[in-house]
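The file structure.txt comes next; it holds compact mmCIF, C-alpha atoms and all ligand atoms.
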```
# COMPACT_ATOMS: atom_id res chain seq x y z
CA MET A 1374 14.49 -7.06 -2.91
CA LYS A 1375 10.93 -6.45 -4.08
CA THR A 1376 10.10 -3.33 -6.12
CA LEU A 1377 8.51 -0.63 -3.99
CA LEU A 1378 5.29 0.56 -5.63
CA ALA A 1379 4.44 3.19 -3.01
CA GLU A 1380 6.59 4.88 -0.41
CA MET A 1381 5.83 7.81 1.83
CA GLN A 1382 7.74 9.27 4.71
CA GLN A 1383 6.42 11.67 7.32
CA LEU A 1384 3.08 12.27 5.67
CA ASN A 1385 0.82 14.85 7.32
CA ALA A 1386 -2.71 15.59 6.16
CA GLY A 1387 -5.96 16.98 7.50
CA TYR A 1388 -9.08 19.00 6.82
CA GLY A 1389 -8.77 22.75 7.33
CA SER A 1390 -7.21 23.26 10.73
CA GLN A 1391 -7.95 19.66 11.81
CA ALA A 1392 -4.82 17.50 11.60
CA VAL A 1393 -5.75 13.89 10.84
CA LEU A 1394 -2.57 12.08 9.75
CA GLU A 1395 0.66 12.81 11.59
CA ASN A 1396 4.09 11.67 10.43
CA VAL A 1397 2.81 8.53 8.73
CA ASN A 1398 5.38 6.27 7.05
CA LEU A 1399 4.15 3.61 4.65
CA THR A 1400 5.52 1.34 1.94
CA ILE A 1401 3.81 -1.13 -0.37
CA ALA A 1402 5.96 -3.53 -2.40
CA ALA A 1403 5.04 -5.54 -5.49
CA GLY A 1404 3.21 -8.70 -4.43
CA GLU A 1405 2.59 -7.39 -0.93
CA VAL A 1406 -0.77 -6.98 0.80
CA VAL A 1407 -0.66 -4.23 3.42
CA ALA A 1408 -3.71 -4.02 5.68
CA VAL A 1409 -4.34 -0.63 7.27
CA LEU A 1410 -6.41 -1.10 10.42
CA GLY A 1411 -7.88 1.46 12.77
CA ILE A 1412 -11.04 2.28 14.63
CA ASN A 1413 -13.64 4.60 13.03
CA GLY A 1414 -12.10 7.99 12.34
CA ALA A 1415 -8.50 6.76 12.72
CA GLY A 1416 -7.60 8.20 9.31
CA LYS A 1417 -7.63 5.21 6.94
CA THR A 1418 -9.71 6.81 4.20
CA THR A 1419 -7.77 10.06 4.60
CA LEU A 1420 -4.58 8.07 4.02
CA ILE A 1421 -5.94 6.57 0.81
CA LYS A 1422 -7.23 9.94 -0.38
CA SER A 1423 -3.78 11.48 0.23
CA LEU A 1424 -2.07 8.66 -1.64
CA LEU A 1425 -4.43 9.17 -4.55
CA GLY A 1426 -3.83 12.92 -4.59
CA LEU A 1427 -7.50 13.57 -3.80
CA MET A 1428 -6.61 15.92 -0.95
CA PRO A 1429 -3.63 18.10 -0.01
CA TYR A 1430 -0.87 16.68 2.17
CA GLN A 1431 2.69 17.45 3.23
CA CYS A 1432 5.34 14.78 2.97
CA GLU A 1433 9.12 14.47 3.26
CA HIS A 1434 9.24 11.80 0.59
CA PHE A 1435 6.46 10.49 -1.62
CA SER A 1436 6.69 8.17 -4.58
CA LEU A 1437 3.93 6.25 -6.28
CA LEU A 1438 4.63 3.76 -9.06
CA GLY A 1439 8.01 5.35 -9.63
CA TYR A 1440 6.74 8.96 -9.85
CA GLN A 1441 7.64 11.61 -7.27
CA GLN A 1442 5.14 13.98 -5.72
CA HIS A 1443 5.66 16.92 -8.09
CA ASP A 1444 6.41 14.99 -11.26
CA GLN A 1445 4.22 16.53 -13.99
CA ARG A 1446 3.89 13.21 -15.84
CA ARG A 1447 2.52 11.63 -12.73
CA ALA A 1448 -1.28 11.80 -12.87
CA ALA A 1449 -1.96 10.24 -16.27
CA ASN A 1450 0.72 7.56 -16.01
CA ILE A 1451 -0.27 6.53 -12.52
CA LYS A 1452 -3.96 6.22 -13.38
CA GLN A 1453 -3.15 3.57 -15.97
CA GLN A 1454 -1.44 1.39 -13.36
CA LEU A 1455 -3.69 1.96 -10.39
CA GLY A 1456 -6.93 0.26 -9.35
CA VAL A 1457 -9.12 1.81 -6.70
CA MET A 1458 -12.17 0.50 -4.88
CA LEU A 1459 -13.32 3.23 -2.52
CA GLN A 1460 -16.02 3.15 0.13
CA LEU A 1461 -19.20 4.64 -1.25
CA GLY A 1462 -17.78 4.43 -4.75
CA SER A 1463 -20.62 5.04 -7.14
CA VAL A 1464 -21.73 3.58 -10.44
CA SER A 1465 -24.22 4.92 -12.97
CA ALA A 1466 -27.77 4.13 -11.94
CA THR A 1467 -29.03 3.97 -15.52
CA LEU A 1468 -26.29 2.09 -17.41
CA THR A 1469 -26.41 -1.68 -17.40
CA VAL A 1470 -23.59 -3.61 -15.76
CA ALA A 1471 -22.09 -4.51 -19.15
CA GLU A 1472 -22.37 -0.92 -20.40
CA GLN A 1473 -20.70 0.44 -17.26
CA LEU A 1474 -17.82 -2.00 -17.64
CA LEU A 1475 -17.45 -1.22 -21.35
CA VAL A 1476 -17.34 2.53 -20.65
CA PHE A 1477 -14.69 2.02 -17.98
CA ARG A 1478 -12.55 -0.23 -20.21
CA HIS A 1479 -12.02 2.72 -22.55
CA TYR A 1480 -10.00 4.61 -19.93
CA TYR A 1481 -7.22 2.02 -20.07
CA ALA A 1482 -4.58 1.14 -22.61
CA ASN A 1483 -4.66 -2.62 -21.84
CA PRO A 1484 -8.01 -3.39 -20.23
CA LYS A 1485 -9.39 -6.77 -19.31
CA SER A 1486 -12.11 -8.15 -21.59
CA LEU A 1487 -15.77 -7.71 -20.69
CA ALA A 1488 -16.11 -11.48 -20.23
CA GLU A 1489 -13.16 -11.51 -17.82
CA LEU A 1490 -14.58 -8.63 -15.80
CA LEU A 1491 -18.01 -10.21 -15.54
CA GLU A 1492 -16.38 -13.43 -14.39
CA ILE A 1493 -14.22 -11.65 -11.78
CA ALA A 1494 -17.28 -10.01 -10.28
CA ASP A 1495 -19.54 -13.04 -10.78
CA LEU A 1496 -22.05 -10.77 -12.50
CA GLU A 1497 -22.67 -12.67 -15.77
CA ALA A 1498 -26.27 -13.36 -14.79
CA VAL A 1499 -27.09 -9.69 -14.22
CA GLN A 1500 -24.95 -8.12 -16.95
CA HIS A 1501 -28.04 -6.60 -18.64
CA HIS A 1502 -29.52 -5.24 -15.41
CA ARG A 1503 -29.23 -1.55 -14.60
CA CYS A 1504 -26.47 -0.86 -12.06
CA GLY A 1505 -29.00 1.02 -9.92
CA ASP A 1506 -31.04 -2.17 -9.55
CA LEU A 1507 -28.16 -4.29 -8.23
CA SER A 1508 -28.12 -5.45 -4.62
CA ALA A 1509 -25.56 -3.82 -2.31
CA GLY A 1510 -23.28 -6.86 -2.53
CA GLN A 1511 -23.54 -6.99 -6.35
CA GLN A 1512 -22.69 -3.26 -6.56
CA GLN A 1513 -19.68 -3.93 -4.39
CA ARG A 1514 -18.56 -6.71 -6.76
CA LEU A 1515 -19.05 -4.38 -9.72
CA LEU A 1516 -16.79 -1.82 -8.01
CA LEU A 1517 -14.17 -4.54 -7.68
CA ALA A 1518 -14.39 -5.34 -11.41
CA LEU A 1519 -14.01 -1.62 -12.19
CA ALA A 1520 -10.93 -1.44 -9.96
CA LEU A 1521 -9.37 -4.38 -11.79
CA CYS A 1522 -10.39 -3.20 -15.26
CA GLY A 1523 -6.97 -1.81 -16.28
CA ASN A 1524 -4.83 -4.69 -14.91
CA PRO A 1525 -3.40 -2.50 -12.12
CA ARG A 1526 0.05 -2.95 -10.58
CA LEU A 1527 -1.17 -1.31 -7.38
CA LEU A 1528 -4.65 -1.77 -5.96
CA PHE A 1529 -6.38 0.18 -3.17
CA LEU A 1530 -9.23 -1.67 -1.53
CA ASP A 1531 -11.09 0.45 1.03
CA GLU A 1532 -13.33 -1.92 3.03
CA PRO A 1533 -13.96 -4.03 -0.07
CA THR A 1534 -16.08 -6.78 1.46
CA VAL A 1535 -18.67 -4.60 3.21
CA GLY A 1536 -22.10 -5.93 2.22
CA MET A 1537 -20.72 -9.04 0.50
CA ASP A 1538 -22.10 -12.44 1.45
CA ILE A 1539 -19.72 -15.09 2.69
CA HIS A 1540 -19.27 -16.69 -0.78
CA ALA A 1541 -18.45 -13.36 -2.43
CA ARG A 1542 -16.11 -12.49 0.43
CA ARG A 1543 -14.19 -15.76 0.13
CA ARG A 1544 -14.05 -15.37 -3.63
CA LEU A 1545 -12.54 -11.92 -3.19
CA TRP A 1546 -9.98 -13.34 -0.75
CA GLN A 1547 -9.05 -15.91 -3.41
CA GLN A 1548 -8.75 -13.15 -6.02
CA ILE A 1549 -6.51 -11.13 -3.73
CA ALA A 1550 -4.27 -14.18 -3.25
CA GLU A 1551 -4.05 -14.63 -7.05
CA LEU A 1552 -3.27 -10.94 -7.59
CA ARG A 1553 -0.51 -11.20 -5.01
CA GLN A 1554 0.95 -14.09 -7.03
CA GLN A 1555 0.90 -11.82 -10.07
CA GLN A 1556 2.99 -9.29 -8.09
CA VAL A 1557 0.19 -6.76 -7.67
CA GLY A 1558 0.74 -4.62 -4.55
CA MET A 1559 -2.35 -3.98 -2.45
CA LEU A 1560 -3.42 -1.66 0.30
CA LEU A 1561 -6.47 -2.98 2.09
CA THR A 1562 -8.52 -1.35 4.80
CA THR A 1563 -10.99 -3.46 6.70
CA HIS A 1564 -12.82 -3.71 9.99
CA TYR A 1565 -12.94 -7.51 9.61
CA LEU A 1566 -9.79 -8.48 11.43
CA GLU A 1567 -10.12 -12.10 10.36
CA GLU A 1568 -9.84 -10.78 6.80
CA ALA A 1569 -6.64 -8.90 7.60
CA GLU A 1570 -5.28 -11.97 9.37
CA GLN A 1571 -6.02 -14.15 6.33
CA LEU A 1572 -4.72 -11.78 3.68
CA ALA A 1573 -2.15 -9.32 4.95
CA ASP A 1574 1.60 -9.72 4.67
CA ARG A 1575 1.89 -6.68 6.87
CA VAL A 1576 -0.49 -4.85 9.16
CA VAL A 1577 -0.30 -1.11 9.77
CA VAL A 1578 -2.37 0.04 12.75
CA LEU A 1579 -3.43 3.69 12.63
CA HIS A 1580 -4.61 5.27 15.85
CA GLN A 1581 -5.60 8.91 16.07
CA GLY A 1582 -3.78 9.52 12.80
CA ARG A 1583 -0.48 7.96 13.85
CA VAL A 1584 1.05 4.58 12.99
CA ILE A 1585 1.26 2.60 16.24
CA ALA A 1586 2.23 -0.75 14.69
CA ASN A 1587 3.68 -1.85 11.36
CA ASP A 1588 4.51 -5.53 11.30
CA SER A 1589 3.50 -9.00 10.12
CA VAL A 1590 0.54 -10.64 11.85
CA SER A 1591 2.81 -13.28 13.38
CA SER A 1592 5.22 -10.66 14.78
CA LEU A 1593 2.31 -8.68 16.21
CA LYS A 1594 0.98 -11.84 17.83
CA SER A 1595 4.33 -12.69 19.34
CA ARG A 1596 4.32 -9.29 21.09
CA LEU A 1597 1.34 -10.44 23.11
CA ASN A 1598 2.24 -14.07 23.51
CA TYR A 1599 -0.76 -15.18 25.53
CA GLN A 1600 -3.14 -18.05 25.02
CA ARG A 1601 -6.81 -18.24 25.83
CA ILE A 1602 -8.22 -21.29 27.64
CA ARG A 1603 -11.98 -21.77 27.60
CA CYS A 1604 -13.65 -24.41 29.74
CA ARG A 1605 -16.21 -25.24 32.39
CA SER A 1606 -14.58 -25.71 35.76
CA SER A 1607 -15.74 -26.29 39.31
CA LEU A 1608 -12.77 -24.31 40.72
CA SER A 1609 -13.46 -20.94 42.35
CA GLN A 1610 -12.21 -17.68 40.78
CA GLN A 1611 -9.66 -17.45 43.58
CA GLN A 1612 -8.31 -20.95 42.83
CA LEU A 1613 -8.15 -20.14 39.11
CA TRP A 1614 -6.19 -16.93 39.68
CA GLN A 1615 -3.63 -18.95 41.64
CA LEU A 1616 -2.87 -21.34 38.74
CA PRO A 1617 0.57 -20.78 37.14
CA GLY A 1618 0.69 -18.40 34.15
CA VAL A 1619 -2.79 -16.92 34.63
CA VAL A 1620 -3.09 -13.20 33.76
CA ASP A 1621 -6.86 -12.91 33.50
CA VAL A 1622 -10.01 -14.84 34.38
CA SER A 1623 -13.46 -13.93 33.13
CA SER A 1624 -16.71 -15.79 33.20
CA GLU A 1625 -19.48 -15.47 30.66
CA ARG A 1626 -21.17 -18.52 29.12
CA LEU A 1627 -17.85 -20.34 29.45
CA LEU A 1628 -14.97 -19.53 31.71
CA THR A 1629 -12.14 -17.73 29.88
CA ILE A 1630 -8.64 -17.88 31.32
CA THR A 1631 -5.86 -15.87 29.67
CA SER A 1632 -2.45 -17.36 30.32
CA LYS A 1633 1.12 -16.45 29.49
CA SER A 1634 2.00 -20.15 29.80
CA ALA A 1635 -0.91 -22.34 28.74
CA PRO A 1636 0.86 -25.74 29.27
CA ASP A 1637 1.58 -24.88 32.94
CA THR A 1638 -1.91 -23.53 33.51
CA LEU A 1639 -3.51 -26.55 31.86
CA ARG A 1640 -1.44 -29.10 33.81
CA ALA A 1641 -2.43 -27.47 37.09
CA LEU A 1642 -6.06 -27.09 36.01
CA LEU A 1643 -6.35 -30.77 35.04
CA ASN A 1644 -4.72 -31.84 38.32
CA GLN A 1645 -6.99 -29.74 40.48
CA ASP A 1646 -10.32 -30.07 38.69
CA PRO A 1647 -11.58 -33.59 37.94
CA ASP A 1648 -14.83 -32.08 36.55
CA LEU A 1649 -13.18 -29.96 33.84
CA GLN A 1650 -15.32 -29.87 30.65
CA ASP A 1651 -15.54 -28.27 27.16
CA LEU A 1652 -11.85 -27.44 27.09
CA ASP A 1653 -10.59 -25.31 24.19
CA VAL A 1654 -7.19 -23.56 23.87
CA GLN A 1655 -6.50 -20.76 21.34
CA MET A 1656 -3.74 -18.33 20.52
CA LEU A 1657 -4.92 -14.74 20.80
CA SER A 1658 -6.26 -13.55 17.45
CA LEU A 1659 -5.39 -10.35 15.59
CA GLU A 1660 -8.60 -8.94 17.06
CA HIS A 1661 -7.23 -9.27 20.59
CA ILE A 1662 -3.92 -7.70 19.54
CA PHE A 1663 -5.77 -4.84 17.84
CA LEU A 1664 -7.90 -4.19 20.93
CA HIS A 1665 -4.79 -4.26 23.08
CA LEU A 1666 -2.91 -1.82 20.80
CA THR A 1667 -5.80 0.60 20.43
CA GLY A 1668 -6.62 0.66 24.10
CA GLY A 1669 -9.75 -1.49 24.08
CA GLN A 1670 -10.25 -4.39 26.39
CA ALA A 1671 -8.18 -7.40 25.30
N1 LIG B 1701 -14.21 15.88 4.31
C1 LIG B 1701 -13.92 15.96 5.59
N2 LIG B 1701 -13.95 17.14 6.24
C2 LIG B 1701 -13.65 17.26 7.56
N3 LIG B 1701 -13.29 16.21 8.33
C3 LIG B 1701 -13.24 15.00 7.75
C4 LIG B 1701 -13.55 14.82 6.36
N4 LIG B 1701 -13.40 13.49 6.07
C5 LIG B 1701 -13.02 12.90 7.22
N5 LIG B 1701 -12.92 13.78 8.23
C6 LIG B 1701 -12.50 13.51 9.61
O1 LIG B 1701 -11.19 12.98 9.59
C7 LIG B 1701 -11.04 11.94 10.55
C8 LIG B 1701 -10.56 10.66 9.85
O2 LIG B 1701 -11.58 10.23 8.98
P1 LIG B 1701 -11.36 8.97 8.00
O3 LIG B 1701 -12.57 8.93 7.12
O4 LIG B 1701 -10.03 9.06 7.36
O5 LIG B 1701 -11.37 7.78 9.05
P2 LIG B 1701 -11.43 6.21 8.78
O6 LIG B 1701 -10.32 5.61 9.56
O7 LIG B 1701 -11.48 5.92 7.32
O8 LIG B 1701 -12.83 5.87 9.47
P3 LIG B 1701 -13.91 4.72 9.18
O9 LIG B 1701 -13.37 3.44 9.71
O10 LIG B 1701 -15.09 5.19 9.98
O11 LIG B 1701 -14.19 4.69 7.70
C9 LIG B 1701 -12.39 11.81 11.23
O12 LIG B 1701 -12.34 12.55 12.44
C10 LIG B 1701 -13.36 12.44 10.26
O13 LIG B 1701 -14.47 12.99 10.93
```
For the file at hand, write its structure as structure tokens.
Ligand SMILES: Nc1ncnc2c1ncn2[C@@H]1O[C@H](COP(=O)(O)OP(=O)(O)OP(=O)(O)O)[C@@H](O)[C@H]1O
Amino acid sequence: MKTLLAEMQQLNAGYGSQAVLENVNLTIAAGEVVAVLGINGAGKTTLIKSLLGLMPYQCEHFSLLGYQQHDQRRAANIKQQLGVMLQLGSVSATLTVAEQLLVFRHYYANPKSLAELLEIADLEAVQHHRCGDLSAGQQQRLLLALALCGNPRLLFLDEPTVGMDIHARRRLWQQIAELRQQQVGMLLTTHYLEEAEQLADRVVVLHQGRVIANDSVSSLKSRLNYQRIRCRSSLSQQQLWQLPGVVDVSSERLLTITSKSAPDTLRALLNQDPDLQDLDVQMLSLEHIFLHLTGGQA
């Protein structure tokens, strides 16, 4: 069994009298990427802040990197093993990139070298630029390098790819895959569901502060085992609804038929419509599952 790096049971947290998280259970094991998904305001950042001890919470059981909630040795020892990339994390406006990284290295007992950090963030070319002059995507990459500075065992990535271009985003995905190989545990929040689908071993869906799903992407998909058929067809809506397996028909640029049995639907469609064109069949994506779970239109 894999080592558990973080475990919480029945966590409750909020702001003043406003309850935000209710009875949340969560685990993160070594080498596991857990994606926490939820619509705006679902409580993702509050969850990370609670885990980091940045706000008060109540919990039946809480352990982080082997330390319990009230363990006095906790704070300093945990910091050495934890990497955090928070939304709106800030860097010095006046230090250069290299200076900022060098300052940060001093917090850790076994930091990565400056060259390694610049390479991770792909910031060699701008290492002598002031952090305040970096583009939004470059600042985001610098925050990643800072999070990885101390060779963490557990990494929190709160919407890490916001503002990154497609190359930087794919590079970060590759880095996450490599960190997983090195047995780093990761908690990732993202609104890019393709990202969660690519990276996560397990997806936790938060909705109104409660966990409504906690499973692998493939298990979540098998809960809603529908396929989506897109095509151009000369059949009427009424004829389409009568095909076997059909649970939904919608028509935008292309016709979209949702089926619980795509082979049956397709056989009947091909038999009945000699003019069928632009046919494409897909499994439902994590995005559809997420919309279904959180009450949006699937
Ligand atoms: N400092 C605060 N004081 C009071 N309420 C807060 C505070 N921070 C967050 N909230 C509220 O707590 C709820 C959860 O916010 P949180 O930032 O955890 O959501 P989130 O899932 O991270 O959202 P997003 O996807 O928009 O980043 C929201 O209703 C928010 O308005």
Each residue of range 1516-1562 of chain A lying at most 7 Å from range 1401-1418 of chain A should get a row with its shortest atom-to-atom pair and the distance in Å to one decimal, counting all atoms listed in the file; could you produce that, ordered by chain and increasing number, as JSON lines?
```
{"residue": "A:Arg1553", "atom": "CA", "partner": "A:Gly1404", "partner_atom": "CA", "distance": 4.5}
{"residue": "A:Gln1554", "atom": "CA", "partner": "A:Gly1404", "partner_atom": "CA", "distance": 6.4}
{"residue": "A:Gln1555", "atom": "CA", "partner": "A:Gly1404", "partner_atom": "CA", "distance": 6.8}
{"residue": "A:Gln1556", "atom": "CA", "partner": "A:Gly1404", "partner_atom": "CA", "distance": 3.7}
{"residue": "A:Val1557", "atom": "CA", "partner": "A:Gly1404", "partner_atom": "CA", "distance": 4.8}
{"residue": "A:Gly1558", "atom": "CA", "partner": "A:Ala1403", "partner_atom": "CA", "distance": 4.5}
{"residue": "A:Met1559", "atom": "CA", "partner": "A:Val1406", "partner_atom": "CA", "distance": 4.7}
{"residue": "A:Leu1560", "atom": "CA", "partner": "A:Val1407", "partner_atom": "CA", "distance": 4.9}
{"residue": "A:Leu1561", "atom": "CA", "partner": "A:Ala1408", "partner_atom": "CA", "distance": 4.6}
{"residue": "A:Thr1562", "atom": "CA", "partner": "A:Val1409", "partner_atom": "CA", "distance": 4.9}
```
List all protein, DNA and RNA residues that have at least one atom no more than 12 Å from any atom of ligand LIG 1701 (chain B), counting only C-alpha atoms and all ligand atoms, and write them as a PDB file with C-alpha atoms, keeping the file's coordinate frame.
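result-v5.pdb was written with the following content:
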```
ATOM      1  CA  ALA A1386      -2.710  15.590   6.160  1.00  0.00           C
ATOM      2  CA  GLY A1387      -5.960  16.980   7.500  1.00  0.00           C
ATOM      3  CA  TYR A1388      -9.080  19.000   6.820  1.00  0.00           C
ATOM      4  CA  GLY A1389      -8.770  22.750   7.330  1.00  0.00           C
ATOM      5  CA  SER A1390      -7.210  23.260  10.730  1.00  0.00           C
ATOM      6  CA  GLN A1391      -7.950  19.660  11.810  1.00  0.00           C
ATOM      7  CA  ALA A1392      -4.820  17.500  11.600  1.00  0.00           C
ATOM      8  CA  VAL A1393      -5.750  13.890  10.840  1.00  0.00           C
ATOM      9  CA  LEU A1394      -2.570  12.080   9.750  1.00  0.00           C
ATOM     10  CA  GLU A1395       0.660  12.810  11.590  1.00  0.00           C
ATOM     11  CA  VAL A1409      -4.340  -0.630   7.270  1.00  0.00           C
ATOM     12  CA  LEU A1410      -6.410  -1.100  10.420  1.00  0.00           C
ATOM     13  CA  GLY A1411      -7.880   1.460  12.770  1.00  0.00           C
ATOM     14  CA  ILE A1412     -11.040   2.280  14.630  1.00  0.00           C
ATOM     15  CA  ASN A1413     -13.640   4.600  13.030  1.00  0.00           C
ATOM     16  CA  GLY A1414     -12.100   7.990  12.340  1.00  0.00           C
ATOM     17  CA  ALA A1415      -8.500   6.760  12.720  1.00  0.00           C
ATOM     18  CA  GLY A1416      -7.600   8.200   9.310  1.00  0.00           C
ATOM     19  CA  LYS A1417      -7.630   5.210   6.940  1.00  0.00           C
ATOM     20  CA  THR A1418      -9.710   6.810   4.200  1.00  0.00           C
ATOM     21  CA  THR A1419      -7.770  10.060   4.600  1.00  0.00           C
ATOM     22  CA  LEU A1420      -4.580   8.070   4.020  1.00  0.00           C
ATOM     23  CA  ILE A1421      -5.940   6.570   0.810  1.00  0.00           C
ATOM     24  CA  LYS A1422      -7.230   9.940  -0.380  1.00  0.00           C
ATOM     25  CA  SER A1423      -3.780  11.480   0.230  1.00  0.00           C
ATOM     26  CA  LEU A1427      -7.500  13.570  -3.800  1.00  0.00           C
ATOM     27  CA  MET A1428      -6.610  15.920  -0.950  1.00  0.00           C
ATOM     28  CA  PRO A1429      -3.630  18.100  -0.010  1.00  0.00           C
ATOM     29  CA  LEU A1459     -13.320   3.230  -2.520  1.00  0.00           C
ATOM     30  CA  GLN A1460     -16.020   3.150   0.130  1.00  0.00           C
ATOM     31  CA  LEU A1461     -19.200   4.640  -1.250  1.00  0.00           C
ATOM     32  CA  LEU A1530      -9.230  -1.670  -1.530  1.00  0.00           C
ATOM     33  CA  ASP A1531     -11.090   0.450   1.030  1.00  0.00           C
ATOM     34  CA  GLU A1532     -13.330  -1.920   3.030  1.00  0.00           C
ATOM     35  CA  PRO A1533     -13.960  -4.030  -0.070  1.00  0.00           C
ATOM     36  CA  VAL A1535     -18.670  -4.600   3.210  1.00  0.00           C
ATOM     37  CA  LEU A1561      -6.470  -2.980   2.090  1.00  0.00           C
ATOM     38  CA  THR A1562      -8.520  -1.350   4.800  1.00  0.00           C
ATOM     39  CA  THR A1563     -10.990  -3.460   6.700  1.00  0.00           C
ATOM     40  CA  HIS A1564     -12.820  -3.710   9.990  1.00  0.00           C
ATOM     41  CA  TYR A1565     -12.940  -7.510   9.610  1.00  0.00           C
ATOM     42  CA  VAL A1578      -2.370   0.040  12.750  1.00  0.00           C
ATOM     43  CA  LEU A1579      -3.430   3.690  12.630  1.00  0.00           C
ATOM     44  CA  HIS A1580      -4.610   5.270  15.850  1.00  0.00           C
ATOM     45  CA  GLN A1581      -5.600   8.910  16.070  1.00  0.00           C
ATOM     46  CA  GLY A1582      -3.780   9.520  12.800  1.00  0.00           C
ATOM     47  CA  ARG A1583      -0.480   7.960  13.850  1.00  0.00           C
ATOM     48  CA  VAL A1584       1.050   4.580  12.990  1.00  0.00           C
TER      49      VAL A1584
END
```
Contact residues around Gln1511 in chain A with only C-alpha atoms at 12 Å, ignoring same-chain residues under 4 positions, as an mmCIF file with C-alpha atoms, in the coordinates of the input:
```cif
data_model
loop_
_atom_site.group_PDB
_atom_site.id
_atom_site.type_symbol
_atom_site.label_atom_id
_atom_site.label_comp_id
_atom_site.auth_asym_id
_atom_site.auth_seq_id
_atom_site.Cartn_x
_atom_site.Cartn_y
_atom_site.Cartn_z
ATOM 1 C CA VAL A 1464 -21.730 3.580 -10.440
ATOM 2 C CA VAL A 1470 -23.590 -3.610 -15.760
ATOM 3 C CA LEU A 1491 -18.010 -10.210 -15.540
ATOM 4 C CA ILE A 1493 -14.220 -11.650 -11.780
ATOM 5 C CA ALA A 1494 -17.280 -10.010 -10.280
ATOM 6 C CA ASP A 1495 -19.540 -13.040 -10.780
ATOM 7 C CA LEU A 1496 -22.050 -10.770 -12.500
ATOM 8 C CA GLU A 1497 -22.670 -12.670 -15.770
ATOM 9 C CA ALA A 1498 -26.270 -13.360 -14.790
ATOM 10 C CA VAL A 1499 -27.090 -9.690 -14.220
ATOM 11 C CA GLN A 1500 -24.950 -8.120 -16.950
ATOM 12 C CA HIS A 1502 -29.520 -5.240 -15.410
ATOM 13 C CA ARG A 1503 -29.230 -1.550 -14.600
ATOM 14 C CA CYS A 1504 -26.470 -0.860 -12.060
ATOM 15 C CA GLY A 1505 -29.000 1.020 -9.920
ATOM 16 C CA ASP A 1506 -31.040 -2.170 -9.550
ATOM 17 C CA LEU A 1507 -28.160 -4.290 -8.230
ATOM 18 C CA LEU A 1515 -19.050 -4.380 -9.720
ATOM 19 C CA LEU A 1516 -16.790 -1.820 -8.010
ATOM 20 C CA LEU A 1517 -14.170 -4.540 -7.680
ATOM 21 C CA ALA A 1518 -14.390 -5.340 -11.410
ATOM 22 C CA PRO A 1533 -13.960 -4.030 -0.070
ATOM 23 C CA THR A 1534 -16.080 -6.780 1.460
ATOM 24 C CA VAL A 1535 -18.670 -4.600 3.210
ATOM 25 C CA GLY A 1536 -22.100 -5.930 2.220
ATOM 26 C CA MET A 1537 -20.720 -9.040 0.500
ATOM 27 C CA ASP A 1538 -22.100 -12.440 1.450
ATOM 28 C CA HIS A 1540 -19.270 -16.690 -0.780
ATOM 29 C CA ALA A 1541 -18.450 -13.360 -2.430
ATOM 30 C CA ARG A 1542 -16.110 -12.490 0.430
#
```
Distance query Leu1628 in chain A at most 9 Å, all atoms listed in the file, self and fewer than 5 positions along chain excluded, as a PyMOL selection string: chain A and resi 1602-1606+1622-1623
Would you write out those residues with C-alpha atoms, as a compact mmCIF listing (two decimals), in the frame of the given file?
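Writing the result to part33.txt gives the following:
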```txt
# COMPACT_ATOMS: atom_id res chain seq x y z
CA ILE A 1602 -8.22 -21.29 27.64
CA ARG A 1603 -11.98 -21.77 27.60
CA CYS A 1604 -13.65 -24.41 29.74
CA ARG A 1605 -16.21 -25.24 32.39
CA SER A 1606 -14.58 -25.71 35.76
CA VAL A 1622 -10.01 -14.84 34.38
CA SER A 1623 -13.46 -13.93 33.13
```
If I put a ball of radius 10 Å at (-6.3, -11.9, 5.8) in the file's coordinates, which residues poke into it when counting only C-alpha atoms, written as number ranges by chain? A: 1406-1408, 1546, 1549-1550, 1561, 1563, 1565-1576, 1590, 1659
Take CA of Gln1650 in chain A and CA of Leu1597 in chain A and report the distance between them in Å, one decimal.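 Interatomic distance, CA of Gln1650 in chain A to CA of Leu1597 in chain A: 26.7 Å.
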Restricting the calculation to only C-alpha atoms, which member of A:Cys1522, A:Ile1539, A:Ala1641, A:Ala1379 is positioned closest to Thr1400 in chain A? A:Ala1379
